[in-house]
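Shown next, in structure tokens, is the structure this report addresses.
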Amino acid sequence: MGNRMTTVASPSRREYARDVPEIDLQIYKDLENIAFYHVPAITGSALSMENERSLRVHICTEYNDVNFLHRFLHHLVEYKEEYRNVTNLLFHGIEWQTEGMQLLCSFLGPGSNVKQVEFQKNVFSTKSAPALVPFSEMLQRNNTIKAVVFSGCRIGSTGATLLASALANNRSVEELQVWEDFIGSKGAEELSKMIEVNYMLKLLIIFDNSSIAASPLISAVLARNRRVEVHIWGCSRDTRGVMNSCKVVEFLPETGSIRIYNNINSTGLQRVVCALAWNTAVTTLDMSGVPLKPKWTKEFRGVLERNRSLKSVKLSKCSLSDKAVVYIAAGLFKNNYLESLNLDGNRFGGVGLEHLLCPLSTFSPLQRQANTALKVLSFGGERANIGGHGITAVLQMLETNQSLVQLAICNDASLRPSDVVKIFKSLERNATLRGLSLKGCKGVEGEVVLQTILGTLQVNPWIEEIDLHETPLHVAGKTGQIYEKLCQNGSLVLPNDLIDLPLSAPTCCRVFLCGQELTGKSTLYNSINQCMNPMKSPPMDVIRTLRAPIEQVIGTNKTKINTMIDGNTKLTICNIGGHDESFSLDNFMSVVHGGPCFFMIVSSMVVKPANRYPKNIDEIERELIYWLKFLVSSSRRVSQSFLPCVTIVLTQYDKVSHLPERLEPIATAVQRIREYFQSYAEIYPTVFAVDARSSVSVSKLTHHMRMTAKTILQRVPQVYAVCNDLVKILYDWRLKNNKVVIRWSDFCEICQLNIPALRLRSRRDVEKVDTRRRAIAKSLHDLGEILFFEELGVLIMDCEWFYQEVIGLLATLKSIKTGSSGFVHRQDLEKILQEKLCNQIPGTNWRPDASFQGYDVINMLLELELCYEQDPGNPNTLLLVPAILEESKEGTQKWHLTTPDCRYAGRRLECKDTHVFLTTEFFPRLQVRLHNKIMCLGQQQGAVYNLEKNLIYTVINGIHVRVQLGMKLGSSIDVLACSSRSVTDMVRLFHKLIIPTILNLSSSMTFEESIIRPDCVKYLIPHRFLKTQQLPLKNIKQILLSLPAESMYDYQHTWSAVESNKRIILQPGSDHARDMLSEDDFHEVLHHRYYDLQHLASELAVPQDSQQQSEIITETDVVDPSILGIAKGVEMVLQRLKRVEQGIRDLKEEIASLRYYEYHLVIELHRKMDYVMNYNIQLEERKVPQMFYLVSLENRSKRLVTRILPGMRSLRVHMLCEFRREMHVVEDQVGCDLIQVDNQAVKSLLPYMSKFMKLLTFALKIGAHFIVGMGEMIPDLSREVVHLLDSSTMYGAAASAASVGALGAAALYGKGRNSSNQGGASDMGEDMKAARQWLVDFLKGQGILTGMDIAQRFGLWRVRYRDDGHIAWICRKHIAAREEEIFELPL
């Protein structure tokens, strides 16, 4: 009874019989417990110590004519401060009078620390308990008492009323116990009212002779959500008529469980259950063994519909009938919180069970399970009779339920072995049930039941527990195998990878019939099918063809899957084509992932099927080229070595067969097309001209199709062998269920039942098996057999149906657009798509799964990037579908930003490959992907994103950007920008966000970037006029690289005028390169120049001290090969990068440094060339010139020869004017022809070519035009440099130059090579000696023996410089212009 104070005898047995005034207060100053016991008068009043803190007081009726209780209580009141430690008071057998109660109340008043007051078998009054009135008044004001206990005091309903009125206002009492005090229903009602307003009470214990007091009290507790521990006891008669105490109600707020026992009438039970409707404290309701009527379950239905905290309900053995269970089932329909329901031991039958399981089952794919919260369910019993209706309901529930974890059918005698077999068969497809109990069921017997259970466990590893105790099978000792299999399902572990799955060649191939409408593709398929299956009756299409004109049949463009079986090969023929279906067709072809397939391009030989006018050869050729470009642009190769296989088929041949020469021009055109597409498609050389209606005419084509399919299947990469098995299983499943959409759960079920390699055999292998299944699904996706939307958990088994009948619906949705923005309400689009799906075109072979709804289509559109949400996550968001956008009706396009300081930049991305084009699905997908990318980058704050057909207009960080598509079926995209920010910022935005998105979306195409004229961007000149107003970015960089440093910054590109119908739209003009290029592009050009200067410096062996601004590399900068040394080296590089970055911030400063560097290098270059020309000046006094070069005369143009090989022909030897620092090509020089280069010439000239021409090429590349006229002979300088230099050294040095700066890199490079290049000039002189000797011999062979012969053939005369006496061969212009510096020598 809680903290009731108990009294025991003192261990010392010491007793003190003293008068109250004689009490020594010092002895009792630490007293905590005082117990008052009434004793007979002959015993006398006395005090005794139970222990150091407990005092026992014996009270008799009278002692010396004085009431000892009153005297003691008066003493406690008088010395109240001395008894502040007293916390517990116990009164046993006391007969209270008003005076005594008042004294007690005075002691319990203010200043008291008493926590508990207990009255045992006290007498307060014979009528109305008047002595309780002062106690009630005191208790109402008291704020220290925590517990009040009345036991056997017979306070009755009046005392209960007084207590209730006191506790209604009390905020300290937490415990109230009333034992055997006959409070009755009235007292219980008063206490229930107190509970409604008192929220401090924590414990309530009531023991009354009548159980009628239970319902008001527990109802109040439940109705007010009081977290009060309640124990209510009552009395009941047993079978012998003896009254026994029994528990009626128990409520434990810590666990949230309430247990109601028997002895509450039906009215009280209804009152209790009504109080549960809005209760939030009770989680478990246990009423097992309490007979319940339908009226109670009718009220309990409301509890199930409203209560959100009740998790478990136990109604076992409650005599529930069918009618009562119907009410419970009705409540389950709206309940989403109850997790456990125990109804075993009741007497409801199959009708009630059918209603009970209805909210846990689904009866059509459109229906959703009403109750998905219930996890545990038990029913059955000896008096239950499930029957046929009940078994049917159980099977339906097990097959469709997706939430139940535990199911128990207990002690049922109506189940037959066949019913048990059906139950376990239905569990083969159930992946949620973990435990099944058939305890005591008589139908669990026989070998058939045992084998069925084992077979179910073989394919369903999710079942963790099966309870078969007290069943005939268990009694017979045959359940050991079952429990052994359950243990295996919990311990088996699969390998960690997928490589254990065997591979094999695929057995399915797709054949695409490509062609425009009215070409007879459907009729051609029917004839091919008839050839492959001659014993089969002709399809209805063929019958209609025989009865109706051909044009009426082929004019109906039906979408259907046509599958033919050729031995072990499954051929799927897809009929695609027609410009009106271009959107869905392009999307369909965009997912051809390179599986085994080949294409038949079907073209009609007549203009229209209704006439016999032959089609123009050019028109046929254009049609074939269009389809080949479409296939190359859309399809993806299986591998780089496997090209798409294409066969050309010409129909309607019977109508032009009277023209014998008709096929020859077509064959010639096809041959041209084959040569044009030889690197992109494997086109079969034979063109099939057939009559599509004749099986005989298409027999050769059918044979070719079968052989080609087998060849392709042998050439393509192997797939998992289970993929071939699944192809057949899914095909059969589709025929059986007439569905084209399958959910992931259904696919897993098919794998579990039919594919042992994909079967889940252990609960520990869930993730591994799921990974296997997803890998197989992706393989089937790559094969083209299905479309697998992994995130959505949906598999489409008819790709053509999905893209033409589902995605193709978008073309019909233009009527629901809201305004000019192009947005549609998601709910409206979902409704229209649902209507379209429910009204598929009549005559289609397959209809969608009923579970495939409009919202599924929208989710797939989002995943395919065919639409985007304005407010993701909002169910009422707007959707934008770019495919249904229309052309802008506005006249002249203009920028939304028009400020005076605006700058303009434009780039064009154009694919130079003429074999491909951008399909119609590309730009709508780009519009969606770019929007999603901008949103993901956090640019949505303040970002503007407007779309029109073939146009994106967005504003990001103050930059207005237009992305627009070029011509229809073209290959270019324009990216334009307008902003007050710099061109660099705009171009960086292009390369950071927009251009990468375009390249990722068209990964198979290679684009060339060009600069669009800024004025064209400003005035938004139409795309068709921009062909002459664009400059490839690569070209302008090469132009800048060919200029001297001082000309780079001021270079201007001149633009021609833009004209339309002889009317000038835009005047000619020019723009600086620095205004069109970004700083990044300009720095790239400068770094290339630094690289060229570096290599030139290394070739010239420039001494380090000649470069006044070079970076000095100290010995301490050498990297030590250790961890610390590497760290130090990295720090050195970072420091150098900081210095370089600081030094090249301004382009003009950087160009100035380039000019300074070029100046020193050009001086050194001239010095080196002078040394070469004057090497060994005494040798024959320079009888022939030194500087010669070779040119090639092929194609009527002169090209400088930089490489010489044996066997070269058509070469000519020319000489340079050797005037110092002004060398140049002599105009109109005749030269000498070199018929053929032999090995001796190569040996003599190769060192000269490799060194002299290297210096020459570098000088031209950096713009040091010391040899005037040579540049136009080198059309591609970069290519020649690659030939002359080692490419790895070149690009490695370029990276070094970009990292450490040009001057520092050159110094560093020169330092490492100084020692090896010290003799570079002398080596060149030696090479010149061998080349000069060859030249002398060559000239003698040409009859050029004297100086006059050289002057006539080469226009050069021998002169001597007046200052140093060196000899040179120069032209007449220099002789006339520099006569004061030279004098002529005899020839």
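Residue numbers start at 1 in each chain; chains themselves are named A, B, ... in the order of the structure tokens; ligands are numbered from 1 in the order shown.
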Determine which residues of stretch 389-495 of chain A receive a DSSP assignment of alpha helix (DSSP H), computed from the backbone, and state them as a VMD selection string.
-> chain A and resid 389 to 400 417 to 426 447 to 459 472 to 475 480 to 489
Running DSSP on the backbone, which parts of stretch 6-227 of chain A land in strand (DSSP E or B), as a ChimeraX atom specification?
-> /A:15-16,33-38,46-51,54-59,63,66,88-92,95,116-120,123,147-151,175-179,203-207
Hey, what's within 10 Å of A:Glu78 if we count only C-alpha atoms and toss same-chain stuff fewer than 6 positions away? As a PyMOL selection string, please?
-> chain A and resi 72+106-107
Find the residues near stretch 717-720 of chain A: any atom within 8 Å, counting only C-alpha atoms, skip ones fewer than 6 places away on the same chain, and give them as a VMD selection string.
-> chain A and resid 501 to 506 638 776 779
Output of the above residues as a short mmCIF file (atom, residue, chain, number, x, y, z; two decimals), in the first residue's frame, restricted to N, CA, C and O atoms:
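again36.cif, freshly written:
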data_model
loop_
_atom_site.label_atom_id
_atom_site.label_comp_id
_atom_site.auth_asym_id
_atom_site.auth_seq_id
_atom_site.Cartn_x
_atom_site.Cartn_y
_atom_site.Cartn_z
N LEU A 501 28.09 -14.86 -61.66
CA LEU A 501 26.99 -15.12 -62.60
C LEU A 501 27.59 -15.43 -63.97
O LEU A 501 28.41 -14.66 -64.49
N PRO A 502 27.20 -16.52 -64.60
CA PRO A 502 27.78 -16.88 -65.90
C PRO A 502 27.32 -15.93 -67.00
O PRO A 502 26.25 -15.32 -66.92
N LEU A 503 28.14 -15.82 -68.04
CA LEU A 503 27.86 -14.97 -69.19
C LEU A 503 27.53 -15.83 -70.39
O LEU A 503 27.98 -16.97 -70.51
N SER A 504 26.76 -15.26 -71.29
CA SER A 504 26.45 -15.94 -72.55
C SER A 504 26.05 -14.89 -73.56
O SER A 504 25.79 -13.73 -73.22
N ALA A 505 25.99 -15.31 -74.83
CA ALA A 505 25.59 -14.39 -75.89
C ALA A 505 24.11 -14.07 -75.73
O ALA A 505 23.31 -14.92 -75.35
N PRO A 506 23.71 -12.84 -75.99
CA PRO A 506 22.27 -12.50 -75.89
C PRO A 506 21.45 -13.26 -76.91
O PRO A 506 21.94 -13.65 -77.97
N VAL A 638 27.55 -0.20 -79.53
CA VAL A 638 27.88 -1.22 -78.54
C VAL A 638 29.34 -1.09 -78.16
O VAL A 638 29.72 -1.15 -77.00
N ILE A 776 20.87 -6.91 -63.03
CA ILE A 776 20.21 -7.63 -64.13
C ILE A 776 19.18 -6.74 -64.80
O ILE A 776 19.06 -6.73 -66.03
N SER A 779 20.93 -4.47 -67.04
CA SER A 779 21.37 -5.17 -68.25
C SER A 779 20.21 -5.33 -69.23
O SER A 779 20.39 -5.15 -70.44
#
Within 8 Å of A:Pro614 using only C-alpha atoms, minus same-chain residues under 6 positions, as a PyMOL selection string | chain A and resi 605-607+656
Compile the contact shell of A:Leu341 as a PyMOL selection string: residues with an atom at most 12 Å away, counting only C-alpha atoms, same-chain residues fewer than 3 positions apart removed.
-> chain A and resi 284-288+304+310-316+325+328-329+332+337-338+344+356-357+373-379+404-408
Find the spatial neighbours of stretch 172-179 of chain A, counting only C-alpha atoms, within a cut-off of 6 Å - ignore same-chain residues fewer than 6 positions away - and output them as a list of chain:residue names.
->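 So the residues in contact are A:Asn143, A:Ile145, A:Lys146, A:Ala147, A:Val148, A:Val149, A:Phe150, A:Ser151, A:Gly152, A:Met200, A:Leu201, A:Lys202, A:Leu203, A:Leu204, A:Ile205, A:Ile206, A:Phe207.
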How would the residues just picked look written out with C-alpha atoms as a short mmCIF file (atom, residue, chain, number, x, y, z; two decimals), in the first residue's frame?
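What ended up in part_22.cif:
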data_model
loop_
_atom_site.label_atom_id
_atom_site.label_comp_id
_atom_site.auth_asym_id
_atom_site.auth_seq_id
_atom_site.Cartn_x
_atom_site.Cartn_y
_atom_site.Cartn_z
CA ASN A 143 0.49 22.02 0.55
CA ILE A 145 0.86 16.20 2.46
CA LYS A 146 1.69 13.80 -0.40
CA ALA A 147 -0.29 10.69 0.56
CA VAL A 148 -3.67 10.10 2.22
CA VAL A 149 -4.74 6.53 3.09
CA PHE A 150 -8.10 5.31 4.43
CA SER A 151 -8.41 1.61 5.19
CA GLY A 152 -11.54 0.03 6.69
CA MET A 200 -1.28 16.28 -9.31
CA LEU A 201 -2.56 12.84 -8.37
CA LYS A 202 -0.11 10.07 -9.31
CA LEU A 203 -1.54 7.00 -7.59
CA LEU A 204 -5.13 5.95 -6.98
CA ILE A 205 -6.01 2.71 -5.24
CA ILE A 206 -9.63 1.86 -4.57
CA PHE A 207 -10.89 -1.36 -2.97
#
Using only C-alpha atoms, pick whichever of A:Gln367, A:Thr452, A:Asn265, A:Gln396 has the shortest atom-to-atom distance to A:Ser210.
->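 Closest to A:Ser210 of all the choices is A:Asn265.
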